[in-house]
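Novice: Sharing upload_19.tsv (TSV, C-alpha atoms) below.
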```tsv
chain	number	residue	atom	x	y	z
A	272	MET	CA	124.55	69.18	97.55
A	273	VAL	CA	122.87	66.75	99.95
A	274	PHE	CA	119.15	66.82	100.57
A	275	LEU	CA	118.29	63.30	101.69
A	276	LYS	CA	115.11	62.72	103.61
A	277	ASN	CA	115.71	61.05	106.96
A	278	ASN	CA	114.16	57.65	107.46
A	279	TYR	CA	112.01	58.81	110.33
A	280	THR	CA	109.10	61.14	110.86
A	281	PHE	CA	108.37	63.47	113.73
A	282	LEU	CA	104.90	63.22	115.25
A	283	CYS	CA	103.21	66.63	115.39
A	284	MET	CA	101.28	66.77	118.64
A	285	VAL	CA	98.37	69.16	118.99
A	286	LEU	CA	99.85	70.54	122.19
A	287	LEU	CA	103.01	71.67	120.45
A	288	LEU	CA	103.39	75.21	119.23
A	289	PRO	CA	102.40	75.51	115.54
A	290	THR	CA	105.88	76.74	114.65
A	291	LEU	CA	107.31	73.42	115.83
A	292	CYS	CA	104.81	71.23	114.02
A	293	TYR	CA	106.40	69.64	111.01
A	294	THR	CA	107.05	66.17	109.67
A	295	ASP	CA	109.79	65.61	107.13
A	296	ASN	CA	113.36	66.19	108.21
A	297	TYR	CA	116.18	66.60	105.67
A	298	VAL	CA	119.95	66.68	105.90
A	299	SER	CA	122.32	69.04	104.13
A	300	ARG	CA	125.07	71.55	104.95
A	301	ALA	CA	125.06	75.21	105.93
A	302	ALA	CA	127.61	78.02	105.78
A	303	TYR	CA	127.33	81.68	106.82
A	304	TYR	CA	127.96	85.17	105.52
A	305	SER	CA	128.89	88.33	107.37
A	306	THR	CA	127.57	91.88	107.29
A	307	HIS	CA	128.63	94.82	109.45
A	308	ASP	CA	125.76	94.18	111.89
A	309	GLY	CA	125.42	90.39	111.54
A	310	MET	CA	121.96	90.68	110.00
A	311	GLY	CA	120.73	90.13	106.45
A	312	THR	CA	121.40	92.07	103.28
A	313	PRO	CA	118.96	94.40	101.47
A	314	SER	CA	120.19	93.25	98.06
A	315	GLY	CA	118.88	89.67	98.10
A	316	ALA	CA	117.36	87.97	95.06
A	317	CYS	CA	113.87	88.02	96.58
A	318	GLY	CA	113.71	91.79	96.11
A	319	TYR	CA	112.78	92.55	99.71
A	320	GLY	CA	115.13	95.49	100.19
A	321	ASP	CA	115.48	96.57	103.83
A	322	TYR	CA	112.74	94.13	104.85
A	323	GLY	CA	115.07	91.31	103.80
A	324	LYS	CA	117.76	92.70	106.08
A	325	ASP	CA	115.66	93.10	109.21
A	326	VAL	CA	112.89	90.51	109.01
A	327	ASN	CA	112.92	87.87	111.76
A	328	SER	CA	115.43	90.00	113.70
A	329	GLY	CA	117.99	89.48	110.95
A	330	GLU	CA	117.92	85.69	111.22
A	331	VAL	CA	117.67	85.05	107.49
A	332	CYS	CA	119.28	82.88	104.86
A	333	THR	CA	120.36	82.50	101.29
A	334	ALA	CA	119.07	79.18	99.95
A	335	SER	CA	119.90	76.86	97.09
A	336	LYS	CA	118.17	76.97	93.71
A	337	ARG	CA	116.20	73.88	94.66
A	338	LEU	CA	114.64	75.62	97.65
A	339	TYR	CA	114.42	79.04	95.98
A	340	LYS	CA	112.05	77.57	93.35
A	341	ASN	CA	112.36	80.48	90.91
A	342	GLY	CA	111.25	82.85	93.66
A	343	ALA	CA	108.27	80.87	94.99
A	344	GLY	CA	110.45	79.92	97.98
A	345	CYS	CA	111.00	83.54	99.00
A	346	GLY	CA	109.73	84.13	102.53
A	347	ALA	CA	109.89	80.43	103.41
A	348	CYS	CA	110.84	79.68	106.99
A	349	TYR	CA	113.06	76.77	108.01
A	350	GLN	CA	114.21	75.39	111.30
A	351	VAL	CA	117.89	74.53	110.92
A	352	ARG	CA	119.91	72.52	113.43
A	353	CYS	CA	123.53	71.48	113.17
A	354	LYS	CA	124.40	67.89	114.07
A	355	ASP	CA	127.47	68.12	116.33
A	356	LYS	CA	125.93	67.35	119.72
A	357	GLY	CA	128.90	68.81	121.52
A	358	LEU	CA	128.50	72.22	119.87
A	359	CYS	CA	124.94	72.49	118.58
A	360	SER	CA	121.71	73.35	120.33
A	361	GLU	CA	118.65	71.14	120.06
A	362	GLU	CA	116.39	73.93	118.80
A	363	GLY	CA	118.82	75.52	116.36
A	364	THR	CA	117.57	78.58	114.52
A	365	LYS	CA	114.54	79.57	112.47
A	366	VAL	CA	115.47	81.47	109.33
A	367	VAL	CA	113.52	83.28	106.61
A	368	MET	CA	114.71	82.86	103.03
A	369	THR	CA	115.54	86.23	101.45
A	370	ASP	CA	118.13	85.34	98.80
A	371	ASN	CA	119.31	82.67	96.36
A	372	GLY	CA	122.80	81.16	96.35
A	373	GLU	CA	124.83	78.17	97.39
A	374	GLY	CA	128.38	77.00	97.90
A	375	HIS	CA	130.46	74.19	99.43
A	376	GLY	CA	127.61	71.74	98.78
A	377	THR	CA	125.23	73.72	100.96
A	378	ASP	CA	121.49	74.30	100.83
A	379	PHE	CA	121.75	77.24	103.24
A	380	ILE	CA	124.04	80.21	103.77
A	381	LEU	CA	122.90	81.76	107.03
A	382	SER	CA	123.29	85.32	108.22
A	383	TYR	CA	125.94	85.68	110.94
A	384	ARG	CA	123.25	86.16	113.58
A	385	ALA	CA	121.36	83.03	112.50
A	386	TYR	CA	124.50	80.90	112.31
A	387	ALA	CA	125.44	81.91	115.85
A	388	LYS	CA	122.06	80.59	117.06
A	389	LEU	CA	123.09	77.07	116.02
A	390	ALA	CA	125.50	76.93	118.95
A	391	LYS	CA	124.56	75.19	122.19
A	392	GLN	CA	125.99	78.12	124.14
A	393	PRO	CA	127.38	81.51	123.08
A	394	ASN	CA	130.87	80.55	124.23
A	395	VAL	CA	131.08	77.69	121.70
A	396	ALA	CA	129.80	79.71	118.73
A	397	LYS	CA	133.40	80.57	117.81
A	398	GLN	CA	134.07	76.90	117.17
A	399	LEU	CA	131.17	76.71	114.73
A	400	PHE	CA	132.36	79.83	112.94
A	401	ALA	CA	135.83	78.31	112.70
A	402	LYS	CA	134.36	75.32	110.87
A	403	GLY	CA	132.80	77.60	108.24
A	404	VAL	CA	130.48	74.84	107.01
A	405	VAL	CA	128.50	72.45	109.21
A	406	GLU	CA	126.33	69.38	108.72
A	407	ILE	CA	122.68	70.18	109.39
A	408	GLU	CA	119.16	68.85	109.44
A	409	TYR	CA	116.30	71.14	108.49
A	410	ARG	CA	112.56	71.27	108.05
A	411	ARG	CA	109.97	73.74	106.77
A	412	VAL	CA	108.00	75.46	109.52
A	413	SER	CA	105.62	78.34	110.09
A	414	CYS	CA	107.45	81.43	111.29
A	415	LYS	CA	105.12	83.89	113.02
A	416	ILE	CA	106.72	87.22	112.14
A	417	GLY	CA	103.59	89.18	113.04
A	418	GLY	CA	100.86	90.94	111.11
A	419	ASN	CA	99.02	90.18	107.90
A	420	LEU	CA	100.27	89.59	104.38
A	421	MET	CA	101.65	92.86	103.02
A	422	LEU	CA	102.43	94.39	99.64
A	423	LYS	CA	105.05	97.02	99.00
A	424	ILE	CA	104.75	99.10	95.84
A	425	GLN	CA	108.26	98.64	94.49
A	426	GLU	CA	110.39	101.70	93.86
A	427	HIS	CA	110.55	101.08	90.11
A	428	SER	CA	106.77	101.43	89.79
A	429	LYS	CA	105.58	104.41	87.73
A	430	TYR	CA	102.01	105.54	88.26
A	431	PRO	CA	99.76	104.88	86.38
A	432	ASN	CA	101.51	102.80	83.69
A	433	TYR	CA	103.68	100.28	85.53
A	434	LEU	CA	102.92	98.56	88.84
A	435	ALA	CA	105.35	96.27	90.65
A	436	VAL	CA	104.67	94.84	94.11
A	437	VAL	CA	106.75	92.90	96.61
A	438	VAL	CA	104.85	90.26	98.61
A	439	MET	CA	105.93	90.19	102.25
A	440	ASN	CA	104.94	88.62	105.58
A	441	GLN	CA	103.61	85.38	104.13
A	442	GLY	CA	103.98	83.28	107.27
A	443	GLY	CA	106.83	80.95	106.33
A	444	ALA	CA	105.04	77.67	105.58
A	445	THR	CA	103.14	79.01	102.55
A	446	ASP	CA	104.46	79.59	99.03
A	447	ILE	CA	103.02	82.36	96.86
A	448	LEU	CA	102.68	80.91	93.35
A	449	ALA	CA	100.82	83.71	91.57
A	450	VAL	CA	99.26	87.15	92.11
A	451	GLU	CA	96.27	88.66	90.30
A	452	VAL	CA	94.49	92.03	90.44
A	453	TYR	CA	90.81	92.55	89.73
A	454	GLU	CA	89.64	94.83	86.91
A	455	GLU	CA	86.23	96.20	87.78
A	456	GLU	CA	85.46	97.36	84.24
A	457	THR	CA	85.75	93.89	82.68
A	458	LYS	CA	84.93	91.89	85.84
A	459	GLN	CA	88.07	89.82	85.29
A	460	TRP	CA	91.17	88.89	87.23
A	461	ILE	CA	94.42	89.89	85.55
A	462	SER	CA	97.62	87.95	86.18
A	463	MET	CA	100.76	89.76	87.28
A	464	ARG	CA	104.12	88.51	86.04
A	465	ARG	CA	106.69	87.21	88.51
A	466	ALA	CA	109.51	89.58	87.61
A	467	TYR	CA	111.93	87.92	90.04
A	468	GLY	CA	111.91	86.65	93.60
A	469	ALA	CA	108.86	87.95	95.47
A	470	VAL	CA	108.34	90.81	92.96
A	471	PHE	CA	105.29	90.72	90.67
A	472	ASP	CA	104.62	93.37	88.01
A	473	LEU	CA	102.03	94.50	85.49
A	474	SER	CA	102.14	97.02	82.67
A	475	ARG	CA	99.07	99.23	82.21
A	476	PRO	CA	97.33	98.07	85.41
A	477	PRO	CA	93.59	98.72	85.88
A	478	SER	CA	92.64	102.11	87.26
A	479	GLY	CA	90.97	102.70	90.61
A	480	GLU	CA	91.36	100.79	93.85
A	481	LEU	CA	92.63	97.27	93.24
A	482	ASN	CA	91.65	94.07	94.97
A	483	VAL	CA	94.30	91.37	94.94
A	484	ARG	CA	94.29	87.60	95.22
A	485	PHE	CA	97.11	85.11	95.73
A	486	LEU	CA	97.57	81.53	94.59
A	487	THR	CA	99.05	79.82	97.63
A	488	SER	CA	100.55	76.41	98.30
A	489	ALA	CA	100.92	74.87	101.76
A	490	SER	CA	100.76	71.30	103.08
A	491	ALA	CA	100.11	69.93	99.56
A	492	GLU	CA	97.04	72.19	99.20
A	493	THR	CA	96.92	74.84	96.46
A	494	LYS	CA	94.20	77.50	96.61
A	495	TRP	CA	93.39	81.13	95.89
A	496	VAL	CA	93.08	83.50	98.84
A	497	GLN	CA	91.60	86.94	98.42
A	498	SER	CA	91.48	90.08	100.50
A	499	ASN	CA	87.98	91.16	101.52
A	500	LYS	CA	88.74	94.77	100.68
A	501	ALA	CA	90.60	96.73	98.05
A	502	VAL	CA	94.29	96.61	98.93
A	503	ILE	CA	96.06	98.94	96.48
A	504	PRO	CA	94.80	102.56	96.58
A	505	ALA	CA	93.57	104.27	93.42
A	506	GLU	CA	96.46	106.73	93.35
A	507	TRP	CA	99.20	104.39	94.48
A	508	LYS	CA	102.76	105.61	94.85
A	509	ALA	CA	106.09	103.86	94.63
A	510	GLY	CA	107.52	103.01	98.04
A	511	ILE	CA	104.30	102.69	100.04
A	512	THR	CA	103.43	99.48	101.91
A	513	VAL	CA	99.85	98.27	102.21
A	514	GLU	CA	98.47	95.57	104.49
A	515	THR	CA	95.89	93.01	103.44
A	516	ASP	CA	93.41	91.29	105.78
A	517	ILE	CA	94.99	87.91	104.94
A	518	GLN	CA	97.03	85.88	107.42
A	519	LEU	CA	99.02	82.90	106.17
A	520	THR	CA	100.85	80.25	108.15
```
So that I can check it, write out the structure of this file as structure tokens.
Specialist:
Amino acid sequence: MVFLKNNYTFLCMVLLLPTLCYTDNYVSRAAYYSTHDGMGTPSGACGYGDYGKDVNSGEVCTASKRLYKNGAGCGACYQVRCKDKGLCSEEGTKVVMTDNGEGHGTDFILSYRAYAKLAKQPNVAKQLFAKGVVEIEYRRVSCKIGGNLMLKIQEHSKYPNYLAVVVMNQGGATDILAVEVYEEETKQWISMRRAYGAVFDLSRPPSGELNVRFLTSASAETKWVQSNKAVIPAEWKAGITVETDIQLT
């Protein structure tokens, strides 16, 4: 696959919207996949379920192993633009990574809805679909989906002996590298295991309400961020979604 860095840099002006502020531009290729409604799929490798189908209005993508980063890339947002000036719009599309996969030398396989957004006008989208694979340039951006960082208690969780959470709504420009829960009895943070994608789990979790912290990476800065309140209720149940008071870019 191709992932060369262009020999120029975009200047990020303070008057620009934050979602358009980025520097490095890369070139690669993108294809698309189809579903019955043109949106994403709930079975992606990030473990998002229906969230992975609907997030960002279904403008999502499957990304290469290099960008997936063993799951740390889940939830990343990219602005993708195809390079045929006769067919492609200047803005392109912003996509959220929900799955891992590649083909035809691509870094991205876009949902049908996202791929259609590459077109300069709706009436030329058919020509892009006929190509199947297009040359693109892309860059990492912040993708304001709305709301704070959220955790879903995954369906396979079994109270009180096995806790698995899915990290969602992370902003797009921030990677989640690790998740820990606080054990009040020992006054220690306990690491959760990245099971796969955006899913972290822990056998025999501490009892009671659980505070959570996240090791984040954005703009070459790595730091822990912590909710100011307990996030996971004492008697948690599989399938519930809880919202933190953390907002990430």
Novice: Determine, counting all atoms listed in the file, which protein, DNA and RNA residues have an atom within 6 Å of an atom of Asp370 in chain A; residues of the same chain fewer than 4 positions away are not included. Present the result as a CSV table (one decimal) with C-alpha atoms, in the frame of the given file.
Specialist:
```
chain,number,residue,atom,x,y,z
A,315,GLY,CA,118.9,89.7,98.1
A,316,ALA,CA,117.4,88.0,95.1
A,317,CYS,CA,113.9,88.0,96.6
A,333,THR,CA,120.4,82.5,101.3
```
Novice: Can you work out which one of A:Gly376, A:Gly443, A:Pro431, A:Pro477 has the shortest atom-to-atom distance to Ala509 in chain A, counting all atoms listed in the file?
Specialist: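 The closest residue to Ala509 in chain A is A:Pro431.
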Novice: Which neighbours of Lys500 in chain A fall inside 12 Å, counting only C-alpha atoms, when residues of the same chain fewer than 5 positions from it are skipped, and could you give them as a list in words?
Specialist: Tyr453, Glu480, Leu481, Asn482, Val483, Arg484, Val513, Glu514, Thr515, Asp516 and Ile517 of chain A
Novice: Taking 5 positions as the minimum chain separation for residues in the same chain, which residues sit within 8 Å of range 346-353 of chain A when counting only C-alpha atoms? Answer as a ChimeraX atom specification.
Specialist: /A:359-369,389,405-414,439-446
Novice: Can you measure CA of Gly510 in chain A to CA of Arg464 in chain A for me? One decimal in Å is fine.
Specialist: 19.1 Å
Novice: May I ask for the distance between CA of Lys402 in chain A and CA of Gly309 in chain A, given in Å to one decimal place?
Specialist: 17.5 Å
Novice: Of the candidates A:Gly318, A:Gly342, A:Gly374, A:Gly357, which one gets nearest to Ala302 in chain A if we count all atoms listed in the file?
Specialist: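 That would be A:Gly374, the residue with the smallest distance to Ala302 in chain A.
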Novice: Which one is closest to Ser478 in chain A: A:Thr493, A:Gln518, A:Asn432, A:Ser498? Count only C-alpha atoms.
Specialist: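 Using only C-alpha atoms, the shortest distance to Ser478 in chain A belongs to A:Asn432.
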Novice: Could you state the separation of CA of Val404 in chain A and CA of Glu330 in chain A in Å, given to one decimal place?
Specialist: 17.1 Å
Novice: What residues have an atom no more than 8 Å from (111.0, 81.6, 94.5) in the file's own frame, counting only C-alpha atoms, and can you write them as JSON, numbers by chain?
Specialist: {"A": [317, 338, 339, 340, 341, 342, 343, 344, 345, 467, 468, 469]}
Novice: Tell me which of A:Gly323, A:Thr312, A:Leu358, A:Gly417 sits closest to Asn394 in chain A, counting all atoms listed in the file.
Specialist: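 Checking each of A:Gly323, A:Thr312, A:Leu358, A:Gly417 against Asn394 in chain A, counting all atoms listed in the file, the winner is A:Leu358.
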Novice: Might you pull out every residue within 10 Å of Thr306 in chain A, with all atoms listed in the file counted and same-chain residues fewer than 6 positions away left off, and present them as a list in words?
Specialist: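 Listing them by chain and then by number gives Thr312, Lys324, Ser382, Tyr383 and Arg384 of chain A.
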Novice: Which is closer to Ala435 in chain A than all the others in A:Phe400, A:Lys494, A:Thr512, A:Glu455, using only C-alpha atoms?
Specialist: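 Smallest distance to Ala435 in chain A is found for A:Thr512.
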Novice: Which residue gives the smallest distance to Tyr322 in chain A among A:Ala396, A:Leu486, A:Met421, A:Ala401, with only C-alpha atoms counted?
Specialist: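 Using only C-alpha atoms, the shortest distance to Tyr322 in chain A belongs to A:Met421.
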Novice: Is it possible to get the axis-aligned box enclosing range 468-471 of chain A (all listed atoms, 5 Å extra per side) as JSON, with centre and edge lengths in Å rounded to one decimal?
Specialist:
```
{"center_x": 108.6, "center_y": 88.7, "center_z": 93.1, "size_x": 16.6, "size_y": 14.2, "size_z": 14.8}
```
